[in-house]
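Undergrad: model_19.pdb is reproduced below (PDB, C-alpha atoms).
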ATOM      1  CA  MET A  23      18.649 -12.501 -13.905
ATOM      2  CA  ASN A  24      18.430  -8.763 -13.214
ATOM      3  CA  ALA A  25      20.135  -7.313 -10.164
ATOM      4  CA  PRO A  26      17.739  -6.648  -7.244
ATOM      5  CA  ILE A  27      16.245  -3.148  -7.105
ATOM      6  CA  PHE A  28      13.665  -1.068  -5.304
ATOM      7  CA  TRP A  29      12.119   2.189  -6.557
ATOM      8  CA  MET A  30       9.591   4.592  -5.062
ATOM      9  CA  ASN A  31       8.944   8.303  -5.682
ATOM     10  CA  GLY A  32      12.310   8.877  -7.349
ATOM     11  CA  ARG A  33      14.364   6.819  -4.887
ATOM     12  CA  LEU A  34      16.261   4.029  -6.628
ATOM     13  CA  ALA A  35      17.893   1.486  -4.324
ATOM     14  CA  THR A  36      20.500  -0.994  -5.539
ATOM     15  CA  GLY A  37      23.284  -3.071  -4.032
ATOM     16  CA  LEU A  38      21.296  -5.640  -2.046
ATOM     17  CA  THR A  39      23.228  -6.622   1.089
ATOM     18  CA  LYS A  40      20.716  -8.486   3.245
ATOM     19  CA  VAL A  41      17.210  -9.946   3.289
ATOM     20  CA  SER A  42      15.471 -10.216   6.657
ATOM     21  CA  THR A  43      12.211 -11.474   8.132
ATOM     22  CA  ASP A  44      12.798  -9.668  11.453
ATOM     23  CA  PRO A  45      11.390  -6.111  11.774
ATOM     24  CA  ASN A  46      13.884  -5.431  14.594
ATOM     25  CA  ASP A  47      16.595  -5.239  11.924
ATOM     26  CA  LEU A  48      15.070  -1.969  10.690
ATOM     27  CA  ASP A  49      16.400  -0.224  13.789
ATOM     28  CA  ASP A  50      19.969  -0.331  12.401
ATOM     29  CA  GLY A  51      19.411   2.912  10.436
ATOM     30  CA  GLY A  52      20.072   1.422   7.002
ATOM     31  CA  PHE A  53      17.856   1.739   3.938
ATOM     32  CA  TRP A  54      15.351  -1.107   3.835
ATOM     33  CA  ALA A  55      12.673  -1.896   1.274
ATOM     34  CA  VAL A  56       9.768  -3.455   3.168
ATOM     35  CA  SER A  57       7.065  -5.800   1.917
ATOM     36  CA  THR A  58       4.584  -7.499   4.241
ATOM     37  CA  THR A  59       1.707  -9.812   3.438
ATOM     38  CA  PHE A  60      -1.857  -9.285   4.581
ATOM     39  CA  GLU A  61      -1.399 -12.334   6.792
ATOM     40  CA  GLY A  62       1.490 -10.633   8.620
ATOM     41  CA  GLU A  63       4.604 -12.166   7.051
ATOM     42  CA  PHE A  64       7.411  -9.602   7.143
ATOM     43  CA  LEU A  65      10.121  -9.268   4.493
ATOM     44  CA  ALA A  66      12.741  -6.531   4.198
ATOM     45  CA  ALA A  67      15.638  -6.025   1.799
ATOM     46  CA  LYS A  68      18.604  -3.847   2.769
ATOM     47  CA  PHE A  69      20.258  -1.859  -0.007
ATOM     48  CA  SER A  70      23.641  -0.116   0.167
ATOM     49  CA  GLU A  71      23.138   2.431  -2.635
ATOM     50  CA  VAL A  72      20.234   4.906  -2.792
ATOM     51  CA  SER A  73      20.048   7.654  -5.399
ATOM     52  CA  LEU A  74      17.498  10.015  -6.885
ATOM     53  CA  SER A  75      16.736   8.572 -10.282
ATOM     54  CA  ASP A  76      13.999   7.786 -12.763
ATOM     55  CA  PHE A  77      12.932   4.174 -12.921
ATOM     56  CA  PRO A  78      15.049   2.227 -15.464
ATOM     57  CA  GLU A  79      12.559   1.885 -18.302
ATOM     58  CA  THR A  80      12.059  -1.598 -19.766
ATOM     59  CA  THR A  81       9.731  -2.972 -22.427
ATOM     60  CA  TRP A  82       6.708  -5.093 -21.508
ATOM     61  CA  GLU A  83       5.325  -7.969 -23.523
ATOM     62  CA  SER A  84       1.563  -7.834 -22.950
ATOM     63  CA  VAL A  85       0.039 -10.980 -21.543
ATOM     64  CA  THR A  86      -2.734 -12.687 -23.478
ATOM     65  CA  GLY A  87      -5.675 -14.823 -22.502
ATOM     66  CA  GLN A  88      -8.321 -14.692 -19.792
ATOM     67  CA  TRP A  89      -7.716 -13.518 -16.243
ATOM     68  CA  ILE A  90      -9.201 -16.040 -13.807
ATOM     69  CA  SER A  91     -10.920 -14.831 -10.628
ATOM     70  CA  THR A  92     -10.917 -16.684  -7.327
ATOM     71  CA  LEU A  93     -14.554 -15.615  -6.922
ATOM     72  CA  SER A  94     -17.179 -15.414  -9.646
ATOM     73  CA  ARG A  95     -19.649 -12.528  -9.682
ATOM     74  CA  GLU A  96     -22.256 -14.804  -8.091
ATOM     75  CA  ASN A  97     -19.882 -16.002  -5.366
ATOM     76  CA  TYR A  98     -18.631 -12.504  -4.603
ATOM     77  CA  ILE A  99     -22.190 -11.236  -4.207
ATOM     78  CA  ALA A 100     -22.881 -14.147  -1.857
ATOM     79  CA  TYR A 101     -19.769 -13.174   0.125
ATOM     80  CA  VAL A 102     -21.042  -9.589   0.448
ATOM     81  CA  ARG A 103     -24.425 -10.824   1.669
ATOM     82  CA  SER A 104     -22.772 -13.085   4.248
ATOM     83  CA  ILE A 105     -20.847 -10.071   5.573
ATOM     84  CA  GLN A 106     -24.102  -8.152   5.873
ATOM     85  CA  GLU A 107     -25.534 -11.056   7.867
ATOM     86  CA  GLU A 108     -22.571 -10.783  10.246
ATOM     87  CA  ILE A 109     -23.180  -7.035  10.505
ATOM     88  CA  ALA A 110     -26.829  -7.695  11.379
ATOM     89  CA  LYS A 111     -25.663  -9.999  14.188
ATOM     90  CA  GLY A 112     -23.372  -7.280  15.566
ATOM     91  CA  TRP A 113     -20.205  -9.288  14.911
ATOM     92  CA  VAL A 114     -18.639  -6.695  12.599
ATOM     93  CA  TYR A 115     -19.429  -3.245  11.165
ATOM     94  CA  GLN A 116     -17.344  -3.148   7.992
ATOM     95  CA  VAL A 117     -15.265  -5.660   6.018
ATOM     96  CA  ASN A 118     -13.041  -5.177   2.991
ATOM     97  CA  ALA A 119     -14.007  -8.065   0.699
ATOM     98  CA  CYS A 120     -11.430  -8.984  -1.927
ATOM     99  CA  ARG A 121     -10.818 -11.411  -4.746
ATOM    100  CA  GLU A 122      -7.734 -12.249  -6.768
ATOM    101  CA  ILE A 123      -7.392 -12.567 -10.517
ATOM    102  CA  SER A 124      -4.456 -14.330 -12.156
ATOM    103  CA  ILE A 125      -3.035 -15.242 -15.550
ATOM    104  CA  ASP A 126      -0.009 -17.021 -16.982
ATOM    105  CA  SER A 127       2.721 -14.514 -17.875
ATOM    106  CA  GLY A 128       5.746 -16.542 -18.891
ATOM    107  CA  HIS A 129       9.121 -15.872 -17.337
ATOM    108  CA  GLN A 130       9.336 -12.097 -17.717
ATOM    109  CA  ASN A 131       9.811 -10.018 -14.595
ATOM    110  CA  LEU A 132       7.612  -6.998 -13.900
ATOM    111  CA  ARG A 133      10.021  -4.152 -14.717
ATOM    112  CA  GLY A 134       8.435  -3.580 -18.104
ATOM    113  CA  LEU A 135       4.944  -3.631 -16.623
ATOM    114  CA  PHE A 136       5.943  -1.072 -13.992
ATOM    115  CA  SER A 137       7.418   1.120 -16.732
ATOM    116  CA  GLN A 138       4.017   1.091 -18.433
ATOM    117  CA  ILE A 139       2.213   1.785 -15.150
ATOM    118  CA  LEU A 140       4.310   4.900 -14.581
ATOM    119  CA  LYS A 141       3.357   6.147 -18.058
ATOM    120  CA  SER A 142      -0.319   5.202 -18.143
ATOM    121  CA  ASN A 143      -1.432   5.037 -14.510
ATOM    122  CA  PRO A 144       0.827   7.284 -12.386
ATOM    123  CA  ALA A 145      -0.053   6.814  -8.730
ATOM    124  CA  PRO A 146       1.174   8.766  -5.700
ATOM    125  CA  TRP A 147       2.757   5.717  -4.045
ATOM    126  CA  ALA A 148       3.768   3.714  -7.124
ATOM    127  CA  SER A 149       6.706   1.448  -6.283
ATOM    128  CA  TYR A 150       8.662  -1.510  -7.552
ATOM    129  CA  LEU A 151      10.452  -4.315  -5.722
ATOM    130  CA  GLU A 152      12.466  -7.053  -7.354
ATOM    131  CA  ILE A 153      14.441  -9.490  -5.228
ATOM    132  CA  ALA A 154      14.670 -13.268  -5.449
ATOM    133  CA  GLU A 155      11.944 -13.660  -2.855
ATOM    134  CA  ARG A 156       9.425 -11.161  -4.264
ATOM    135  CA  ASN A 157       8.547  -9.229  -7.428
ATOM    136  CA  ILE A 158       5.897  -6.486  -7.140
ATOM    137  CA  ALA A 159       4.811  -3.678  -9.470
ATOM    138  CA  SER A 160       2.553  -1.342  -7.516
ATOM    139  CA  ALA A 161       0.237   1.491  -8.511
ATOM    140  CA  SER A 162      -0.893   2.106  -4.946
ATOM    141  CA  PRO A 163      -2.931   5.261  -4.311
ATOM    142  CA  GLU A 164      -2.880   4.884  -0.518
ATOM    143  CA  LEU A 165      -0.403   5.942   2.159
ATOM    144  CA  PHE A 166      -0.057   3.453   5.000
ATOM    145  CA  LEU A 167       2.501   5.407   7.006
ATOM    146  CA  GLN A 168       4.795   8.358   6.471
ATOM    147  CA  ARG A 169       7.287   9.088   9.241
ATOM    148  CA  ILE A 170       9.548  12.117   9.602
ATOM    149  CA  GLY A 171      11.304  11.980  12.942
ATOM    150  CA  ASN A 172       8.603  11.220  15.483
ATOM    151  CA  HIS A 173       5.752  12.640  13.400
ATOM    152  CA  VAL A 174       3.613  10.049  11.597
ATOM    153  CA  ARG A 175       0.718  10.254   9.160
ATOM    154  CA  THR A 176      -1.608   7.683   7.650
ATOM    155  CA  SER A 177      -4.138   8.474   4.905
ATOM    156  CA  PRO A 178      -6.842   5.803   4.678
ATOM    157  CA  ILE A 179      -8.948   5.592   1.529
ATOM    158  CA  LYS A 180     -12.597   4.600   1.799
ATOM    159  CA  GLY A 181     -14.873   5.601  -1.051
ATOM    160  CA  THR A 182     -14.378   4.979  -4.768
ATOM    161  CA  ALA A 183     -16.272   6.452  -7.695
ATOM    162  CA  PRO A 184     -15.783   7.019 -11.434
ATOM    163  CA  ILE A 185     -14.085  10.213 -12.606
ATOM    164  CA  GLY A 186     -16.602  13.046 -12.725
ATOM    165  CA  THR A 187     -18.211  12.229  -9.389
ATOM    166  CA  THR A 188     -18.329  15.402  -7.300
ATOM    167  CA  GLU A 189     -19.959  14.045  -4.151
ATOM    168  CA  PHE A 190     -19.802  10.731  -2.342
ATOM    169  CA  GLY A 191     -22.846   9.132  -0.752
ATOM    170  CA  ASN A 192     -23.669   8.550   2.900
ATOM    171  CA  LYS A 193     -22.374   4.976   2.684
ATOM    172  CA  ASP A 194     -18.901   6.123   1.595
ATOM    173  CA  ASN A 195     -18.769   8.937   4.161
ATOM    174  CA  ALA A 196     -19.802   6.644   6.999
ATOM    175  CA  GLU A 197     -17.323   3.974   5.941
ATOM    176  CA  ASN A 198     -14.457   6.456   5.760
ATOM    177  CA  ILE A 199     -15.216   7.873   9.211
ATOM    178  CA  MET A 200     -15.410   4.325  10.600
ATOM    179  CA  ILE A 201     -11.905   3.539   9.339
ATOM    180  CA  VAL A 202     -10.576   6.913  10.512
ATOM    181  CA  ASP A 203     -11.744   6.013  14.021
ATOM    182  CA  LEU A 204      -9.998   2.654  13.711
ATOM    183  CA  MET A 205      -6.739   4.296  12.589
ATOM    184  CA  ARG A 206      -6.967   6.838  15.420
ATOM    185  CA  ASN A 207      -7.116   3.898  17.804
ATOM    186  CA  ASP A 208      -4.193   2.127  16.085
ATOM    187  CA  LEU A 209      -1.991   5.231  16.165
ATOM    188  CA  GLY A 210      -3.015   5.795  19.762
ATOM    189  CA  GLN A 211      -1.177   2.585  20.694
ATOM    190  CA  ILE A 212       2.178   3.958  19.518
ATOM    191  CA  CYS A 213       1.767   7.748  19.872
ATOM    192  CA  LYS A 214       1.965  10.093  22.840
ATOM    193  CA  SER A 215      -1.337  10.692  24.572
ATOM    194  CA  GLY A 216      -3.309  13.594  23.128
ATOM    195  CA  THR A 217      -1.244  13.942  19.952
ATOM    196  CA  VAL A 218      -3.420  11.959  17.525
ATOM    197  CA  THR A 219      -5.416  14.313  15.281
ATOM    198  CA  VAL A 220      -7.447  14.253  12.051
ATOM    199  CA  PRO A 221      -6.336  17.348  10.095
ATOM    200  CA  ARG A 222      -8.130  16.257   6.911
ATOM    201  CA  LEU A 223     -11.465  14.430   6.802
ATOM    202  CA  LEU A 224     -13.475  13.217   3.779
ATOM    203  CA  ALA A 225     -11.413  14.897   1.055
ATOM    204  CA  THR A 226     -11.963  13.969  -2.598
ATOM    205  CA  GLU A 227      -8.789  13.059  -4.489
ATOM    206  CA  LYS A 228      -8.489  12.453  -8.227
ATOM    207  CA  HIS A 229      -6.606   9.317  -9.223
ATOM    208  CA  PRO A 230      -6.125   7.627 -12.611
ATOM    209  CA  GLY A 231      -9.559   6.551 -13.805
ATOM    210  CA  LEU A 232     -11.423   7.207 -10.553
ATOM    211  CA  ASN A 233     -11.921   9.420  -7.510
ATOM    212  CA  HIS A 234     -11.230   8.436  -3.917
ATOM    213  CA  LEU A 235     -12.431   9.690  -0.545
ATOM    214  CA  VAL A 236      -9.362  10.211   1.662
ATOM    215  CA  SER A 237      -8.671  11.334   5.239
ATOM    216  CA  ASP A 238      -5.454  11.997   7.191
ATOM    217  CA  VAL A 239      -4.683  10.840  10.722
ATOM    218  CA  GLU A 240      -1.494  12.132  12.377
ATOM    219  CA  GLY A 241       0.342  11.765  15.669
ATOM    220  CA  GLU A 242       3.650  12.020  17.546
ATOM    221  CA  LEU A 243       5.332   8.704  18.297
ATOM    222  CA  SER A 244       6.124   7.653  21.839
ATOM    223  CA  ASP A 245       9.778   7.979  22.783
ATOM    224  CA  ALA A 246      12.213   5.231  21.725
ATOM    225  CA  ILE A 247       9.562   3.118  20.031
ATOM    226  CA  SER A 248      10.876   0.330  17.788
ATOM    227  CA  TRP A 249       9.855  -0.437  14.226
ATOM    228  CA  ALA A 250       8.716  -3.880  15.382
ATOM    229  CA  LYS A 251       6.211  -2.272  17.776
ATOM    230  CA  ILE A 252       4.989   0.112  15.060
ATOM    231  CA  PHE A 253       4.271  -2.710  12.629
ATOM    232  CA  ALA A 254       2.694  -4.868  15.330
ATOM    233  CA  ALA A 255       0.270  -2.068  16.255
ATOM    234  CA  LEU A 256      -0.734  -1.044  12.737
ATOM    235  CA  LEU A 257      -0.875  -4.252  10.661
ATOM    236  CA  PRO A 258      -2.980  -5.105   8.825
ATOM    237  CA  ALA A 259      -4.085  -1.691   7.600
ATOM    238  CA  GLY A 260      -7.581  -0.774   8.724
ATOM    239  CA  SER A 261      -8.747   0.242   5.263
ATOM    240  CA  ILE A 262      -8.164  -3.229   3.794
ATOM    241  CA  SER A 263      -9.368  -5.226   6.796
ATOM    242  CA  GLY A 264     -12.354  -3.594   8.497
ATOM    243  CA  ALA A 265     -13.848  -2.717  11.847
ATOM    244  CA  PRO A 266     -13.525  -4.033  14.450
ATOM    245  CA  LYS A 267     -10.256  -5.237  12.931
ATOM    246  CA  SER A 268     -10.122  -8.621  14.683
ATOM    247  CA  SER A 269     -13.672  -9.524  13.643
ATOM    248  CA  ALA A 270     -13.070  -8.320  10.090
ATOM    249  CA  VAL A 271      -9.875 -10.360   9.718
ATOM    250  CA  SER A 272     -11.672 -13.446  11.032
ATOM    251  CA  THR A 273     -14.460 -12.958   8.471
ATOM    252  CA  ILE A 274     -11.937 -12.472   5.649
ATOM    253  CA  LYS A 275     -10.045 -15.655   6.534
ATOM    254  CA  ALA A 276     -13.301 -17.625   6.470
ATOM    255  CA  HIS A 277     -14.169 -16.529   2.913
ATOM    256  CA  GLU A 278     -10.978 -15.726   1.009
ATOM    257  CA  SER A 279      -7.862 -17.533  -0.076
ATOM    258  CA  LYS A 280      -4.507 -16.197   1.108
ATOM    259  CA  ARG A 281      -3.971 -12.584  -0.079
ATOM    260  CA  GLY A 282      -0.189 -12.641   0.200
ATOM    261  CA  PRO A 283       1.562  -9.339  -0.683
ATOM    262  CA  TYR A 284      -1.773  -7.884  -1.818
ATOM    263  CA  CYS A 285      -3.206  -5.767   1.015
ATOM    264  CA  GLY A 286       0.104  -5.882   2.853
ATOM    265  CA  VAL A 287       2.529  -2.951   3.012
ATOM    266  CA  LEU A 288       5.147  -1.874   0.474
ATOM    267  CA  GLY A 289       7.703   0.922   0.812
ATOM    268  CA  TRP A 290      10.914   1.911   2.556
ATOM    269  CA  VAL A 291      12.295   2.573   6.028
ATOM    270  CA  GLN A 292      15.519   4.389   6.904
ATOM    271  CA  GLY A 293      16.286   5.378  10.477
ATOM    272  CA  ASP A 294      13.429   7.564  11.736
ATOM    273  CA  ARG A 295      11.915   8.095   8.275
ATOM    274  CA  CYS A 296       9.644   6.006   6.102
ATOM    275  CA  GLU A 297       7.208   6.005   3.214
ATOM    276  CA  LEU A 298       5.024   2.912   3.302
ATOM    277  CA  SER A 299       2.041   2.339   1.043
ATOM    278  CA  VAL A 300      -0.933   0.047   1.396
ATOM    279  CA  ALA A 301      -0.192  -2.653  -1.177
ATOM    280  CA  ILE A 302      -3.342  -2.292  -3.263
ATOM    281  CA  ARG A 303      -3.484  -1.993  -7.084
ATOM    282  CA  ILE A 304      -0.425  -4.226  -7.214
ATOM    283  CA  PHE A 305       0.718  -6.928  -9.571
ATOM    284  CA  PHE A 306       2.879  -9.619  -8.042
ATOM    285  CA  LYS A 307       4.435 -12.638  -9.652
ATOM    286  CA  ASP A 308       5.107 -16.210  -8.573
ATOM    287  CA  ASP A 309       4.011 -19.088 -10.802
ATOM    288  CA  LYS A 310       1.405 -16.694 -12.271
ATOM    289  CA  LEU A 311       0.844 -12.953 -12.582
ATOM    290  CA  ARG A 312      -1.585 -11.958  -9.825
ATOM    291  CA  PHE A 313      -3.715  -8.894  -9.107
ATOM    292  CA  GLY A 314      -6.108  -8.288  -6.217
ATOM    293  CA  THR A 315      -9.197  -6.110  -6.130
ATOM    294  CA  GLY A 316     -11.797  -5.451  -3.458
ATOM    295  CA  ALA A 317     -14.437  -3.206  -1.934
ATOM    296  CA  GLY A 318     -15.515  -2.102   1.523
ATOM    297  CA  ILE A 319     -18.754  -3.718   2.657
ATOM    298  CA  THR A 320     -21.224  -2.161   5.089
ATOM    299  CA  TRP A 321     -24.871  -2.753   5.909
ATOM    300  CA  ALA A 322     -25.769  -0.137   3.281
ATOM    301  CA  SER A 323     -23.816  -1.866   0.504
ATOM    302  CA  SER A 324     -25.463  -3.023  -2.703
ATOM    303  CA  PRO A 325     -23.828  -6.410  -3.441
ATOM    304  CA  ALA A 326     -24.018  -5.913  -7.210
ATOM    305  CA  ASP A 327     -22.540  -2.412  -6.937
ATOM    306  CA  GLU A 328     -19.652  -3.701  -4.810
ATOM    307  CA  TRP A 329     -18.826  -6.260  -7.512
ATOM    308  CA  GLU A 330     -18.781  -3.447 -10.068
ATOM    309  CA  GLU A 331     -16.406  -1.483  -7.832
ATOM    310  CA  THR A 332     -13.934  -4.387  -7.891
ATOM    311  CA  GLU A 333     -14.203  -4.371 -11.694
ATOM    312  CA  LEU A 334     -13.663  -0.595 -11.836
ATOM    313  CA  LYS A 335     -10.507  -0.806  -9.721
ATOM    314  CA  ALA A 336      -9.058  -3.567 -11.904
ATOM    315  CA  ARG A 337     -10.085  -2.441 -15.392
ATOM    316  CA  LYS A 338      -7.487   0.270 -16.084
ATOM    317  CA  LEU A 339      -4.493  -1.643 -14.765
ATOM    318  CA  ILE A 340      -5.458  -4.907 -16.455
ATOM    319  CA  SER A 341      -5.688  -3.004 -19.745
ATOM    320  CA  ILE A 342      -2.024  -2.038 -19.217
ATOM    321  CA  ALA A 343      -0.878  -5.574 -18.441
ATOM    322  CA  GLY A 344      -2.905  -7.200 -21.215
ATOM    323  CA  GLY A 345      -5.366 -10.062 -21.300
ATOM    324  CA  ASP A 346      -9.142 -10.137 -20.897
ATOM    325  CA  LEU A 347     -10.819  -9.281 -17.597
TER
END
Give the structure from this file in structure tokens form.
TA:
Amino acid sequence: MNAPIFWMNGRLATGLTKVSTDPNDLDDGGFWAVSTTFEGEFLAAKFSEVSLSDFPETTWESVTGQWISTLSRENYIAYVRSIQEEIAKGWVYQVNACREISIDSGHQNLRGLFSQILKSNPAPWASYLEIAERNIASASPELFLQRIGNHVRTSPIKGTAPIGTTEFGNKDNAENIMIVDLMRNDLGQICKSGTVTVPRLLATEKHPGLNHLVSDVEGELSDAISWAKIFAALLPAGSISGAPKSSAVSTIKAHESKRGPYCGVLGWVQGDRCELSVAIRIFFKDDKLRFGTGAGITWASSPADEWEETELKARKLISIAGGDL
């Protein structure tokens, strides 16, 4: 068995000393790799050695066979339509509708797969976690929270299109603004009054194989706020739940199986600094190799187009892992 490691943006953490399910432990100032589930389960691994290093490259044996989806195209389209019915009733305005695909992968860990991701699908918040309790290879494009001292920033993504798209439609713009408002409210719970701002709104970013519509929301944290309070206020991320968040989460639970680490948070915390990504475009391994994909649903959504968006988000990364989508 390989020794536990964590890697993100050139930070390689080794020397595992503790695994915790209590976010209050993050206040000790040590270096912690953090992985939460969409459902709110918290897991953190404390490492004693952190260095600037490339990821230790490993070979990957491509998986073979057919990836199996929790929702067929027909069932996913029905899910989208049911969300639109809830929108028509005024229960919710936007919901991120997801499905999971899985495949048998043998006993190999995901180090080799992450090595291939870094080569073929470099992402701004790519990260890798391998401890006994969790193995994740992430190609996340989305920042959940960056903290430097008391200054925090989140960069929600809403809007996805193939490479070459120069403008996003009204649906994508409206959806992004809706989630920006939600994140302004979330940050407002933990930041000083009047400090929450939106310095970047509706910016187009190029990512491997597609373009995203991204905004930034920033603020100054309230004095002496704990990591436990920060996570309690912000989880789950607005971009992968919906608005209003409570109604969106209720709708998701009624239609989807457990998401687990997919759509949680993955990254690191050390003292008053952090880099935490939204755990999308991730592979995680238990008895199978699993990958989640989803799309934001509004009243203006085309159900068939939303299915195609889930395919677009999965296609490149599945081609790296192997198997048939």
Undergrad: Tell me which protein, DNA and RNA residues are within 12 Å of Pro184 (chain A), counting all atoms listed in the file, leaving out same-chain ones fewer than 3 positions away, and put them as number ranges by chain.
TA: A: 181, 187-190, 226-235, 330-331, 333-335, 337-338
Undergrad: Quick one: residues within 12 Å of (-10.2, -10.8, 13.4) (file frame), counting only C-alpha atoms, please, as a ChimeraX atom specification.
TA: /A:61,113-114,116-117,257-258,260,263-276
Undergrad: Would you please work out which residue, of A:Ile340, A:Val236, A:Ala55, A:Ile158, is nearest to Asp308 (chain A) when using all atoms listed in the file?
TA: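 Nearest to Asp308 (chain A): A:Ile158.
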Undergrad: Check what the PyMOL selection byres ((chain A and resi 119-136) around 6) selects in the file above and give those residues as a ChimeraX atom specification.
TA: /A:80-82,85,89-92,117-118,137-139,159,310-317
Undergrad: So which residues touch Ser73 (chain A) within 7 Å, counting all atoms listed in the file, skipping near sequence neighbours fewer than 2 positions away, as a PyMOL selection string?
TA: chain A and resi 33-35+71+75
Undergrad: Between CA of Val72 (chain A) and CA of Lys251 (chain A), what is the distance, to one decimal in Å?
TA: 25.9 Å
Undergrad: Which residue, A:Phe253, A:Glu328, A:Asp294, A:Phe77, has the smallest gap to Asp44 (chain A) when you use all atoms listed in the file?
TA: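 For Asp44 (chain A), the nearest of the given residues is A:Phe253.
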Undergrad: Name the residues that the PyMOL selection byres ((chain A and resi 166) around 7) picks from the file above, as an MDAnalysis selection string, using the file's chain letters and numbers.
TA: chainID A and resid 164:165 167 176:177 298:300
Undergrad: Select all residues near (18.2, 4.1, 14.9) (cut-off 7 Å, inclusive, file coordinates), counting all atoms listed in the file, and output them as a VMD selection string.
TA: chain A and resid 49 to 51 293 to 294
Undergrad: Could you tell me, as an MDAnalysis selection string, exactly which residues end up selected when the PyMOL selection byres ((chain A and resi 286) around 10) is applied to this structure?
TA: chainID A and resid 56:64 166 257:259 262 281:285 287:288 299:302
Undergrad: Rebuild region 264-279 of chain A to N, CA and C atoms - output it as a short mmCIF file (atom, residue, chain, number, x, y, z; two decimals), in the coordinates of the input, please.
TA:
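Saved file selection35.cif follows:
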data_model
loop_
_atom_site.label_atom_id
_atom_site.label_comp_id
_atom_site.auth_asym_id
_atom_site.auth_seq_id
_atom_site.Cartn_x
_atom_site.Cartn_y
_atom_site.Cartn_z
N GLY A 264 -10.99 -3.98 8.12
CA GLY A 264 -12.35 -3.59 8.50
C GLY A 264 -12.43 -3.26 9.96
N ALA A 265 -13.66 -3.12 10.46
CA ALA A 265 -13.85 -2.72 11.85
C ALA A 265 -14.99 -3.52 12.49
N PRO A 266 -14.79 -3.97 13.74
CA PRO A 266 -13.52 -4.03 14.45
C PRO A 266 -12.53 -4.90 13.67
N LYS A 267 -11.25 -4.58 13.78
CA LYS A 267 -10.26 -5.24 12.93
C LYS A 267 -10.21 -6.75 13.16
N SER A 268 -10.23 -7.19 14.40
CA SER A 268 -10.12 -8.62 14.68
C SER A 268 -11.29 -9.39 14.09
N SER A 269 -12.50 -8.86 14.20
CA SER A 269 -13.67 -9.52 13.64
C SER A 269 -13.62 -9.53 12.12
N ALA A 270 -13.17 -8.41 11.54
CA ALA A 270 -13.07 -8.32 10.09
C ALA A 270 -12.06 -9.32 9.54
N VAL A 271 -10.91 -9.42 10.17
CA VAL A 271 -9.88 -10.36 9.72
C VAL A 271 -10.38 -11.79 9.81
N SER A 272 -11.10 -12.11 10.88
CA SER A 272 -11.67 -13.45 11.03
C SER A 272 -12.66 -13.75 9.91
N THR A 273 -13.49 -12.78 9.56
CA THR A 273 -14.46 -12.96 8.47
C THR A 273 -13.74 -13.15 7.14
N ILE A 274 -12.71 -12.37 6.89
CA ILE A 274 -11.94 -12.47 5.65
C ILE A 274 -11.31 -13.86 5.53
N LYS A 275 -10.70 -14.35 6.58
CA LYS A 275 -10.04 -15.66 6.53
C LYS A 275 -11.04 -16.78 6.26
N ALA A 276 -12.29 -16.59 6.68
CA ALA A 276 -13.30 -17.62 6.47
C ALA A 276 -13.80 -17.68 5.03
N HIS A 277 -13.59 -16.60 4.25
CA HIS A 277 -14.17 -16.53 2.91
C HIS A 277 -13.16 -16.41 1.77
N GLU A 278 -11.94 -15.99 2.07
CA GLU A 278 -10.98 -15.73 1.01
C GLU A 278 -9.78 -16.66 1.09
N SER A 279 -9.15 -16.86 -0.06
CA SER A 279 -7.86 -17.53 -0.08
C SER A 279 -6.80 -16.56 0.42
#
